[in-house]
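**Student:** Input protein-v4.txt, format and content: compact mmCIF, C-alpha atoms (C1' of nucleotides).
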# COMPACT_ATOMS: atom_id res chain seq x y z
CA MET D 1 52.82 67.31 99.70
CA GLN D 2 50.15 68.46 97.29
CA GLU D 3 50.58 72.23 97.67
CA SER D 4 54.35 72.23 97.07
CA SER D 5 54.04 70.42 93.73
CA GLU D 6 51.26 72.80 92.65
CA LEU D 7 53.57 75.73 93.28
CA LEU D 8 56.58 74.08 91.62
CA GLN D 9 54.50 73.53 88.50
CA TRP D 10 53.58 77.22 88.56
CA TYR D 11 57.28 78.07 88.99
CA ASP D 12 58.30 75.91 86.02
CA ARG D 13 55.70 77.60 83.84
CA ASN D 14 56.52 81.13 84.99
CA HIS D 15 60.26 80.85 85.52
CA ARG D 16 62.13 84.14 85.21
CA GLU D 17 65.61 84.02 83.69
CA LEU D 18 67.92 85.98 85.98
CA PRO D 19 71.70 86.31 85.72
CA TRP D 20 72.30 84.46 89.01
CA ARG D 21 69.80 81.66 88.50
CA THR D 22 70.24 78.15 87.14
CA SER D 23 66.87 77.38 85.58
CA PRO D 24 65.03 74.14 86.44
CA VAL D 25 65.63 73.01 82.85
CA ARG D 26 69.41 73.44 83.09
CA GLN D 27 69.50 71.82 86.54
CA LYS D 28 67.64 68.83 85.10
CA SER D 29 70.38 68.40 82.52
CA GLY D 30 73.00 68.36 85.26
CA ALA D 31 74.00 72.02 85.71
CA LYS D 32 74.92 72.93 89.30
CA PRO D 33 74.23 76.37 90.75
CA ASN D 34 77.30 78.56 91.35
CA ALA D 35 77.49 79.18 95.11
CA TYR D 36 79.44 82.42 94.62
CA HIS D 37 76.71 83.78 92.33
CA VAL D 38 73.95 82.65 94.70
CA TRP D 39 75.63 84.25 97.72
CA LEU D 40 76.36 87.54 95.92
CA SER D 41 72.81 87.82 94.58
CA GLU D 42 71.22 86.97 97.92
CA VAL D 43 73.23 89.64 99.72
CA MET D 44 72.31 92.19 97.05
CA LEU D 45 68.66 91.15 97.25
CA GLN D 46 68.46 91.87 100.99
CA GLN D 47 65.90 94.70 101.23
CA THR D 48 66.33 95.34 97.53
CA THR D 49 64.24 94.49 94.46
CA VAL D 50 65.30 92.27 91.57
CA ALA D 51 65.08 95.21 89.15
CA ALA D 52 67.53 97.26 91.22
CA VAL D 53 69.98 94.39 91.66
CA LYS D 54 70.28 93.06 88.08
CA ASP D 55 72.84 95.46 86.63
CA TYR D 56 74.87 95.65 89.83
CA PHE D 57 75.16 91.86 89.87
CA THR D 58 76.29 91.72 86.25
CA ARG D 59 78.94 94.40 86.79
CA PHE D 60 80.25 92.64 89.93
CA ILE D 61 80.57 89.29 88.17
CA ARG D 62 82.27 90.86 85.17
CA ARG D 63 84.78 92.64 87.38
CA TRP D 64 85.30 89.84 89.93
CA PRO D 65 84.47 86.56 88.13
CA CYS D 66 85.20 84.31 91.11
CA LEU D 67 85.31 84.58 94.87
CA GLU D 68 89.11 84.82 95.05
CA ASP D 69 89.03 87.85 92.73
CA LEU D 70 86.63 89.59 95.09
CA ALA D 71 88.64 88.54 98.14
CA ASN D 72 91.77 90.08 96.59
CA SER D 73 90.03 93.34 95.67
CA ASP D 74 90.28 96.66 97.49
CA LEU D 75 87.32 97.49 99.71
CA ASP D 76 87.23 100.96 98.18
CA ASP D 77 86.65 99.46 94.73
CA VAL D 78 83.81 97.32 96.10
CA LEU D 79 82.22 100.41 97.68
CA LYS D 80 82.47 102.23 94.35
CA GLU D 81 80.68 99.40 92.54
CA TRP D 82 78.08 99.26 95.34
CA ALA D 83 77.41 103.02 95.31
CA GLY D 84 73.68 103.70 94.84
CA LEU D 85 72.51 100.27 95.99
CA GLY D 86 72.13 101.30 99.64
CA TYR D 87 72.77 99.65 103.00
CA TYR D 88 76.52 100.03 102.63
CA SER D 89 77.40 97.76 105.55
CA ARG D 90 76.39 94.96 103.17
CA ALA D 91 79.32 95.86 100.90
CA ARG D 92 81.76 95.97 103.80
CA ASN D 93 80.54 92.59 105.07
CA LEU D 94 80.57 91.19 101.52
CA HIS D 95 84.26 91.97 101.21
CA LYS D 96 85.01 90.60 104.67
CA CYS D 97 83.02 87.43 103.91
CA ALA D 98 84.86 86.84 100.62
CA GLN D 99 88.22 87.06 102.40
CA HIS D 100 86.97 84.75 105.15
CA VAL D 101 85.71 82.08 102.74
CA ALA D 102 88.89 82.35 100.67
CA SER D 103 91.23 81.88 103.63
CA VAL D 104 89.26 79.59 105.95
CA PHE D 105 87.33 77.48 103.42
CA SER D 106 89.80 77.54 100.49
CA GLY D 107 87.33 79.55 98.43
CA GLU D 108 84.47 77.05 98.70
CA PHE D 109 81.33 78.12 100.57
CA PRO D 110 80.34 75.75 103.36
CA SER D 111 77.09 73.94 102.61
CA SER D 112 75.55 73.75 106.07
CA GLU D 113 73.17 76.40 107.37
CA LYS D 114 75.01 76.49 110.68
CA GLU D 115 78.41 77.29 109.14
CA LEU D 116 76.94 79.79 106.71
CA LEU D 117 75.33 81.64 109.62
CA ASP D 118 78.79 82.43 110.99
CA LEU D 119 79.81 84.37 107.87
CA PRO D 120 79.75 88.19 107.96
CA GLY D 121 76.56 89.59 106.42
CA VAL D 122 74.87 86.18 106.35
CA GLY D 123 71.84 85.94 108.65
CA PRO D 124 69.02 83.40 108.99
CA TYR D 125 67.45 84.26 105.62
CA THR D 126 70.63 84.24 103.55
CA ALA D 127 72.05 81.12 105.23
CA ALA D 128 68.86 79.19 104.45
CA ALA D 129 68.70 80.58 100.91
CA ILE D 130 72.27 79.52 100.07
CA THR D 131 71.72 76.08 101.62
CA ALA D 132 68.59 75.47 99.56
CA ILE D 133 69.41 77.26 96.30
CA ALA D 134 73.15 76.67 95.91
CA PHE D 135 73.40 73.21 97.49
CA ASN D 136 69.88 71.84 96.97
CA LYS D 137 69.60 70.92 100.65
CA HIS D 138 66.48 71.20 102.77
CA ALA D 139 66.16 74.56 104.54
CA ALA D 140 63.25 76.79 105.55
CA VAL D 141 63.88 80.03 103.66
CA VAL D 142 61.94 82.94 105.14
CA ASP D 143 62.07 86.49 103.81
CA GLY D 144 59.38 89.17 103.68
CA ASN D 145 57.71 87.60 100.66
CA VAL D 146 57.48 84.22 102.38
CA GLU D 147 56.03 85.86 105.50
CA ARG D 148 53.33 87.49 103.42
CA VAL D 149 52.47 84.48 101.27
CA LEU D 150 52.35 81.94 104.09
CA SER D 151 50.58 84.21 106.59
CA ARG D 152 47.85 84.56 103.97
CA LEU D 153 47.83 80.90 102.96
CA ALA D 154 47.27 79.78 106.56
CA ALA D 155 45.50 82.96 107.75
CA LEU D 156 48.10 83.53 110.47
CA GLU D 157 47.03 86.64 112.36
CA THR D 158 50.00 86.80 114.73
CA PRO D 159 51.67 90.20 114.24
CA LEU D 160 55.33 90.60 113.23
CA PRO D 161 57.95 90.00 114.48
CA THR D 162 56.41 87.12 116.48
CA LEU D 163 54.96 85.78 113.23
CA LYS D 164 58.44 84.79 112.11
CA ARG D 165 58.52 81.58 114.15
CA PRO D 166 55.22 80.02 112.94
CA VAL D 167 56.05 80.98 109.35
CA LYS D 168 59.48 79.35 109.62
CA ASP D 169 57.85 76.17 110.93
CA LEU D 170 55.23 76.12 108.18
CA MET D 171 57.84 76.79 105.50
CA GLY D 172 59.86 73.88 106.85
CA GLN D 173 56.84 71.58 106.51
CA LEU D 174 55.93 72.77 103.02
CA THR D 175 59.46 72.66 101.57
CA PRO D 176 59.93 69.41 99.60
CA LYS D 177 63.04 67.25 99.99
CA ASP D 178 63.23 67.07 96.23
CA ARG D 179 63.64 70.70 95.06
CA PRO D 180 64.05 72.89 98.17
CA GLY D 181 65.83 75.71 96.32
CA ASP D 182 63.29 75.98 93.52
CA PHE D 183 60.46 75.84 96.05
CA ALA D 184 61.93 78.71 98.08
CA GLN D 185 62.37 80.80 94.95
CA ALA D 186 58.86 79.89 93.86
CA VAL D 187 57.31 81.21 97.09
CA MET D 188 59.40 84.39 96.87
CA ASP D 189 58.52 84.91 93.20
CA LEU D 190 54.86 84.36 94.02
CA GLY D 191 55.10 87.03 96.72
CA ALA D 192 56.91 89.47 94.43
CA THR D 193 54.62 89.12 91.40
CA VAL D 194 51.21 87.72 92.49
CA CYS D 195 50.73 87.75 96.25
CA THR D 196 51.80 91.40 96.51
CA ALA D 197 51.37 93.61 99.57
CA ARG D 198 48.63 95.61 97.87
CA ASN D 199 46.21 94.53 95.14
CA PRO D 200 47.28 90.89 95.01
CA ALA D 201 46.43 89.08 91.76
CA CYS D 202 44.61 86.20 93.45
CA GLY D 203 43.14 85.12 90.11
CA LEU D 204 46.63 84.14 88.95
CA CYS D 205 47.59 82.33 92.14
CA PRO D 206 48.11 78.56 92.05
CA TRP D 207 47.14 78.48 95.74
CA MET D 208 43.94 80.51 95.43
CA GLN D 209 41.65 77.58 96.26
CA ARG D 210 43.48 76.66 99.44
CA CYS D 211 44.28 80.20 100.67
CA GLN D 212 42.65 80.53 104.12
CA GLY D 213 43.27 84.29 104.17
CA ARG D 214 41.36 84.85 100.95
CA LEU D 215 38.58 82.46 102.00
CA THR D 216 37.92 84.63 105.04
CA GLY D 217 38.55 87.92 103.22
CA ILE D 218 41.39 89.10 105.46
CA HIS D 219 44.26 88.37 103.06
CA GLU D 220 45.03 91.98 102.17
CA SER D 221 45.50 92.88 105.84
CA LEU D 222 48.13 90.16 106.28
CA PRO D 223 50.74 89.97 107.55
CA ARG D 224 49.77 92.07 110.55
CA LYS D 225 52.49 94.42 111.73
CA ARG D 226 53.22 96.96 114.42
CA PRO D 227 52.54 100.62 113.65
CA LYS D 228 55.76 102.36 112.66
CA LYS D 229 57.34 105.40 114.22
CA ALA D 230 57.28 108.78 112.51
CA LYS D 231 60.57 109.91 110.97
CA PRO D 232 62.12 113.13 112.30
CA THR D 233 63.51 115.73 109.89
CA ARG D 234 67.13 116.80 109.93
CA TYR D 235 68.68 119.90 108.38
CA GLY D 236 72.20 120.61 107.27
CA ALA D 237 74.46 122.17 104.64
CA ALA D 238 76.86 120.65 102.12
CA PHE D 239 79.78 122.49 100.53
CA VAL D 240 80.80 121.81 96.95
CA ILE D 241 84.32 123.22 96.66
CA LYS D 242 85.73 123.33 93.13
CA GLN D 243 89.01 124.23 91.50
CA LYS D 244 89.40 125.96 88.15
CA ASP D 245 89.95 122.57 86.47
CA GLY D 246 86.52 121.45 87.73
CA ALA D 247 87.90 119.07 90.37
CA VAL D 248 85.64 118.75 93.42
CA LEU D 249 86.86 118.32 96.98
CA LEU D 250 85.75 114.96 98.39
CA ARG D 251 86.20 113.43 101.79
CA LYS D 252 86.01 109.85 103.07
CA ARG D 253 83.40 109.22 105.74
CA HIS D 254 84.00 107.40 108.98
CA ALA D 255 84.22 103.63 108.44
CA LYS D 256 81.08 102.77 110.40
CA GLY D 257 77.57 104.08 110.89
CA LEU D 258 75.49 106.06 108.41
CA LEU D 259 76.90 105.69 104.86
CA GLY D 260 80.00 104.21 106.51
CA GLY D 261 83.18 104.15 104.45
CA MET D 262 81.56 106.01 101.57
CA SER D 263 82.68 109.34 100.08
CA GLU D 264 81.03 112.73 100.61
CA VAL D 265 81.34 116.42 99.97
CA PRO D 266 82.25 118.27 103.19
CA GLY D 267 79.36 119.64 105.20
CA THR D 268 77.83 120.36 108.57
CA ASP D 269 76.29 117.80 110.87
CA TRP D 270 72.66 117.01 110.12
CA ARG D 271 70.66 118.36 113.04
CA VAL D 272 67.14 117.38 114.07
CA SER D 273 64.72 120.29 114.17
CA SER D 274 60.94 120.68 114.16
CA ALA D 275 61.24 123.61 111.74
CA ALA D 276 63.69 124.71 109.09
CA PRO D 277 66.34 127.07 110.51
CA SER D 278 66.37 130.60 109.14
CA CYS D 279 69.96 130.39 107.96
CA VAL D 280 70.98 132.25 104.83
CA THR D 281 74.76 132.17 104.58
CA ALA D 282 77.07 129.19 104.77
CA GLN D 283 78.56 130.66 107.92
CA GLU D 284 75.14 130.76 109.60
CA TRP D 285 74.55 127.11 108.70
CA VAL D 286 77.85 126.10 110.25
CA GLN D 287 76.98 127.91 113.47
CA TRP D 288 73.44 126.58 113.64
CA ALA D 289 74.45 122.96 113.03
CA GLY D 290 77.40 123.24 115.40
CA ALA D 291 75.13 124.48 118.19
CA GLY D 292 73.31 121.13 118.17
CA ASP D 293 75.29 119.51 120.95
CA GLY D 294 77.08 121.68 123.48
CA ALA D 295 80.38 119.81 123.39
CA ALA D 296 81.18 120.64 119.78
CA LYS D 297 80.33 124.32 120.13
CA ASP D 298 83.88 125.60 120.27
CA GLU D 299 84.75 123.79 117.09
CA ALA D 300 81.61 124.94 115.31
CA LEU D 301 83.32 127.44 113.08
CA SER D 302 85.95 125.01 111.79
CA LEU D 303 83.75 121.92 111.76
CA PRO D 304 83.01 121.57 108.04
CA PHE D 305 86.67 121.94 107.15
CA LYS D 306 88.23 120.09 110.03
CA GLY D 307 91.86 119.35 109.21
CA LEU D 308 91.92 121.79 106.31
CA SER D 309 93.71 125.11 106.44
CA LEU D 310 90.64 126.83 105.11
CA GLU D 311 88.28 129.54 106.34
CA MET D 312 84.77 129.72 104.97
CA PRO D 313 85.36 131.40 101.58
CA GLU D 314 83.58 134.74 101.00
CA THR D 315 82.43 133.42 97.64
CA MET D 316 80.54 130.43 99.11
CA SER D 317 77.08 130.83 97.62
CA LEU D 318 73.76 129.05 97.63
CA CYS D 319 72.82 126.75 94.73
CA ALA D 320 69.17 126.41 93.88
CA GLU D 321 66.67 124.50 96.03
CA PRO D 322 67.69 122.36 99.01
CA VAL D 323 68.22 118.67 98.31
CA LYS D 324 65.56 116.46 99.88
CA HIS D 325 66.42 112.90 100.74
CA THR D 326 64.87 110.24 102.96
CA PHE D 327 66.95 107.72 104.85
CA THR D 328 65.71 104.69 106.74
CA HIS D 329 64.87 106.63 109.87
CA PHE D 330 64.89 110.35 109.06
CA HIS D 331 64.15 112.92 106.36
CA LEU D 332 66.93 115.26 105.33
CA TYR D 333 66.89 118.80 103.94
CA LEU D 334 70.36 119.59 102.68
CA GLN D 335 71.21 123.14 101.66
CA VAL D 336 73.95 123.08 99.03
CA PHE D 337 76.57 125.82 98.74
CA CYS D 338 79.38 126.03 96.24
CA CYS D 339 82.48 128.08 95.54
CA GLU D 340 85.61 128.03 93.44
CA LEU D 341 88.97 127.94 95.15
CA GLU D 342 92.51 128.79 94.10
CA TYR D 343 94.99 125.95 93.78
CA GLY D 344 97.34 125.13 96.62
CA LEU D 345 95.13 123.95 99.47
CA ASN D 346 96.86 121.50 101.80
CA LEU D 347 94.71 118.38 102.04
CA PRO D 348 94.62 115.95 104.96
CA GLU D 349 94.77 112.18 104.47
CA ASN D 350 91.01 111.64 104.10
CA CYS D 351 90.42 114.30 101.39
CA TRP D 352 91.18 114.48 97.68
CA TRP D 353 90.32 116.33 94.49
CA SER D 354 88.09 114.42 92.09
CA LEU D 355 88.22 115.52 88.46
CA PRO D 356 84.95 115.69 86.47
CA ASN D 357 85.56 112.45 84.56
CA ALA D 358 86.30 110.58 87.82
CA LEU D 359 83.39 111.94 89.82
CA ALA D 360 80.72 109.54 88.58
CA GLY D 361 82.89 106.57 89.54
CA GLU D 362 83.42 107.69 93.13
CA ALA D 363 81.81 105.85 96.07
CA LEU D 364 79.13 108.52 96.42
CA PRO D 365 75.79 107.64 98.05
CA THR D 366 72.70 108.98 96.33
CA VAL D 367 72.27 111.96 98.66
CA PHE D 368 75.67 113.38 97.66
CA LYS D 369 75.04 112.74 93.98
CA LYS D 370 71.91 114.85 94.39
CA ALA D 371 73.99 117.58 96.02
CA LEU D 372 76.54 117.50 93.18
CA ARG D 373 73.72 117.67 90.64
CA ALA D 374 72.35 120.71 92.45
CA ALA D 375 75.80 122.28 92.05
CA GLN D 376 75.82 121.21 88.38
CA CYS D 377 78.88 119.00 88.81
CA LEU D 378 77.14 115.79 87.74
C1' DA R 1 63.23 93.57 121.75
C1' DA R 2 64.24 97.73 119.59
C1' DG R 3 67.07 100.83 116.99
C1' DC R 4 70.34 101.54 113.14
C1' DC R 5 71.18 101.13 108.19
C1' DG R 6 69.08 103.35 101.61
C1' DG R 7 66.76 103.50 97.78
C1' DG R 8 63.01 102.38 94.77
C1' DG R 9 58.09 101.49 93.87
C1' DT R 10 53.11 102.60 94.35
C1' DC R 11 49.11 105.28 94.71
C1' DG J 1 54.43 113.92 98.29
C1' DA J 2 53.07 110.38 101.70
C1' DC J 3 53.48 105.83 102.39
C1' DC J 4 55.18 101.00 101.81
C1' DC J 5 58.80 97.53 101.65
C1' DA J 6 61.94 94.53 105.23
C1' DG J 7 67.54 91.40 106.37
C1' DG J 8 71.59 91.80 109.33
C1' DC J 9 74.00 93.89 112.93
C1' DT J 10 74.33 96.23 117.28
C1' DT J 11 72.96 97.40 121.78
Just give me the structure as structure tokens.
**Tutor:**
Amino acid sequence: MQESSELLQWYDRNHRELPWRTSPVRQKSGAKPNAYHVWLSEVMLQQTTVAAVKDYFTRFIRRWPCLEDLANSDLDDVLKEWAGLGYYSRARNLHKCAQHVASVFSGEFPSSEKELLDLPGVGPYTAAAITAIAFNKHAAVVDGNVERVLSRLAALETPLPTLKRPVKDLMGQLTPKDRPGDFAQAVMDLGATVCTARNPACGLCPWMQRCQGRLTGIHESLPRKRPKKAKPTRYGAAFVIKQKDGAVLLRKRHAKGLLGGMSEVPGTDWRVSSAAPSCVTAQEWVQWAGAGDGAAKDEALSLPFKGLSLEMPETMSLCAEPVKHTFTHFHLYLQVFCCELEYGLNLPENCWWSLPNALAGEALPTVFKKALRAAQCL
DNA sequence: AAGCCGGGGTC
DNA sequence: GACCCAGGCTT
């Protein structure tokens, strides 16, 4: 196939050295990709850019050099290393997958797309990527970059998500038997650096001459997609409770759902509202947030400190501006309060004191790091 | 098929 | 500051 060799030549000329890649040159002299590295990088790269992943990948490999090391690790340590990377269910599935491969497959990843698809956290994209990149077997690798590049190349005007099927078919036809892994990475690199969503650098594209989208002038509007829903705004309060030694009270979140299994500072629920509530004191925030759903009303006053023998301290005071943070499907305004507390509080199982030098290493999602910065603890 | 899951980049 | 990006799991 003419077009695949054109792109592979471009890839060889523009190859990016990345910590998880085995370059075409090294493969030619017999080096085999490391399936553990390929799998880890592909999971990290789900919905995440190369720039954001690089340092996380290096730290993971340094700490857990092989799959068995990761399988034998504590989930809490994995969540700490993952903190800040987002989509935390990936970290939980990563740990589960490592244990599964270690026990069921003796630590060796299966090399068929079908078996890979059964692993936790491995979907159609990742299964195909591991098959092609780690094992050099034919597979149609389709991620967002591939959807964009191929929908433009063939001027496919079918909107997402229906577009997925024709793109998968086309990718299967274009992928060469010879270097399926390099070809998949070439298309994805092209999408990330040349055939970008906005202002594509068509002049640098090895496929410019045969790009049907560009020929007809519709390339920048591809791929077509459904209009997206507006995000609601939620409001809530977070409470930074400190001791004299600077230790901050942290709590472990529920294992599933939003920021599942991660750590947090205690706080109210985050309640949807069309306008900011006119709350001033911490007590007012607790009442307002607790009034959100009728069932929890009775518990409203104790909600932020559930399980703790603690009333809302008189000294709980506002710190600076509210923290703003945007999640996948809502905006959040988080009012941060702080206070200092005497020693001797009885803590339940899911709470602990984190000293200043330990705080940065906790499994804290970005929103709570912002809150701790607002309270000048980080 | 549609909703649930972060964080970073661009303009 | 508004908007864009987009893989796996769950329902």
**Student:** Could you tell me how far CA of Tyr11 (chain D) lies from CA of Gln46 (chain D), in Å and to one decimal?
**Tutor:** 21.4 Å
**Student:** With a distance threshold of 8 Å and counting only C-alpha atoms (C1' of nucleotides), extract the residues of chain J near chain D and express them as a PyMOL selection string.
**Tutor:** chain J and resi 5-8
**Student:** With distances taken over all atoms listed in the file, which residue among D:Leu310, D:Leu156, D:Val265, D:Leu334 lies nearest Arg234 (chain D)?
**Tutor:** D:Leu334
**Student:** What residues in chain D have any atom no more than 6 Å from chain R when counting all atoms listed in the file, and can you write them as a VMD selection string?
**Tutor:** chain D and resid 86 to 87 327
**Student:** Hey, can you check how far CA of Gly290 (chain D) sits from CA of Pro232 (chain D)?
**Tutor:**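 CA of Gly290 (chain D) sits 18.6 Å away from CA of Pro232 (chain D).
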**Student:** Tell me which protein, DNA and RNA residues are within 9 Å of region 335-352 of chain D, counting only C-alpha atoms (C1' of nucleotides), leaving out same-chain ones fewer than 5 positions away, and put them as a compact mmCIF listing (two decimals) with C-alpha atoms, in the coordinates of the input.
**Tutor:**
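The file below, out38.txt, is the result:
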# COMPACT_ATOMS: atom_id res chain seq x y z
CA TYR D 235 68.68 119.90 108.38
CA GLY D 236 72.20 120.61 107.27
CA ALA D 237 74.46 122.17 104.64
CA ALA D 238 76.86 120.65 102.12
CA PHE D 239 79.78 122.49 100.53
CA VAL D 240 80.80 121.81 96.95
CA ILE D 241 84.32 123.22 96.66
CA LYS D 242 85.73 123.33 93.13
CA GLN D 243 89.01 124.23 91.50
CA LYS D 244 89.40 125.96 88.15
CA GLY D 246 86.52 121.45 87.73
CA VAL D 248 85.64 118.75 93.42
CA LEU D 249 86.86 118.32 96.98
CA LEU D 250 85.75 114.96 98.39
CA ARG D 251 86.20 113.43 101.79
CA LYS D 252 86.01 109.85 103.07
CA ARG D 253 83.40 109.22 105.74
CA GLY D 267 79.36 119.64 105.20
CA THR D 281 74.76 132.17 104.58
CA ALA D 282 77.07 129.19 104.77
CA TRP D 285 74.55 127.11 108.70
CA GLY D 307 91.86 119.35 109.21
CA LEU D 308 91.92 121.79 106.31
CA SER D 309 93.71 125.11 106.44
CA LEU D 310 90.64 126.83 105.11
CA PRO D 313 85.36 131.40 101.58
CA GLU D 314 83.58 134.74 101.00
CA THR D 315 82.43 133.42 97.64
CA MET D 316 80.54 130.43 99.11
CA SER D 317 77.08 130.83 97.62
CA LEU D 318 73.76 129.05 97.63
CA CYS D 319 72.82 126.75 94.73
CA ALA D 320 69.17 126.41 93.88
CA GLU D 321 66.67 124.50 96.03
CA PRO D 322 67.69 122.36 99.01
CA VAL D 323 68.22 118.67 98.31
CA LYS D 324 65.56 116.46 99.88
CA ALA D 371 73.99 117.58 96.02
CA LEU D 372 76.54 117.50 93.18
CA ALA D 374 72.35 120.71 92.45
CA ALA D 375 75.80 122.28 92.05
**Student:** Could you work out how far CA of His219 (chain D) lies from CA of Arg152 (chain D), giving the answer in Å with one decimal?
**Tutor:**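 Computed distance, CA of Arg152 (chain D) to CA of His219 (chain D), equals 5.3 Å.
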**Student:** From the list D:His138, D:Lys228, D:Ala102, D:Ala155, which residue is nearest Met171 (chain D) when using all atoms listed in the file?
**Tutor:** D:His138
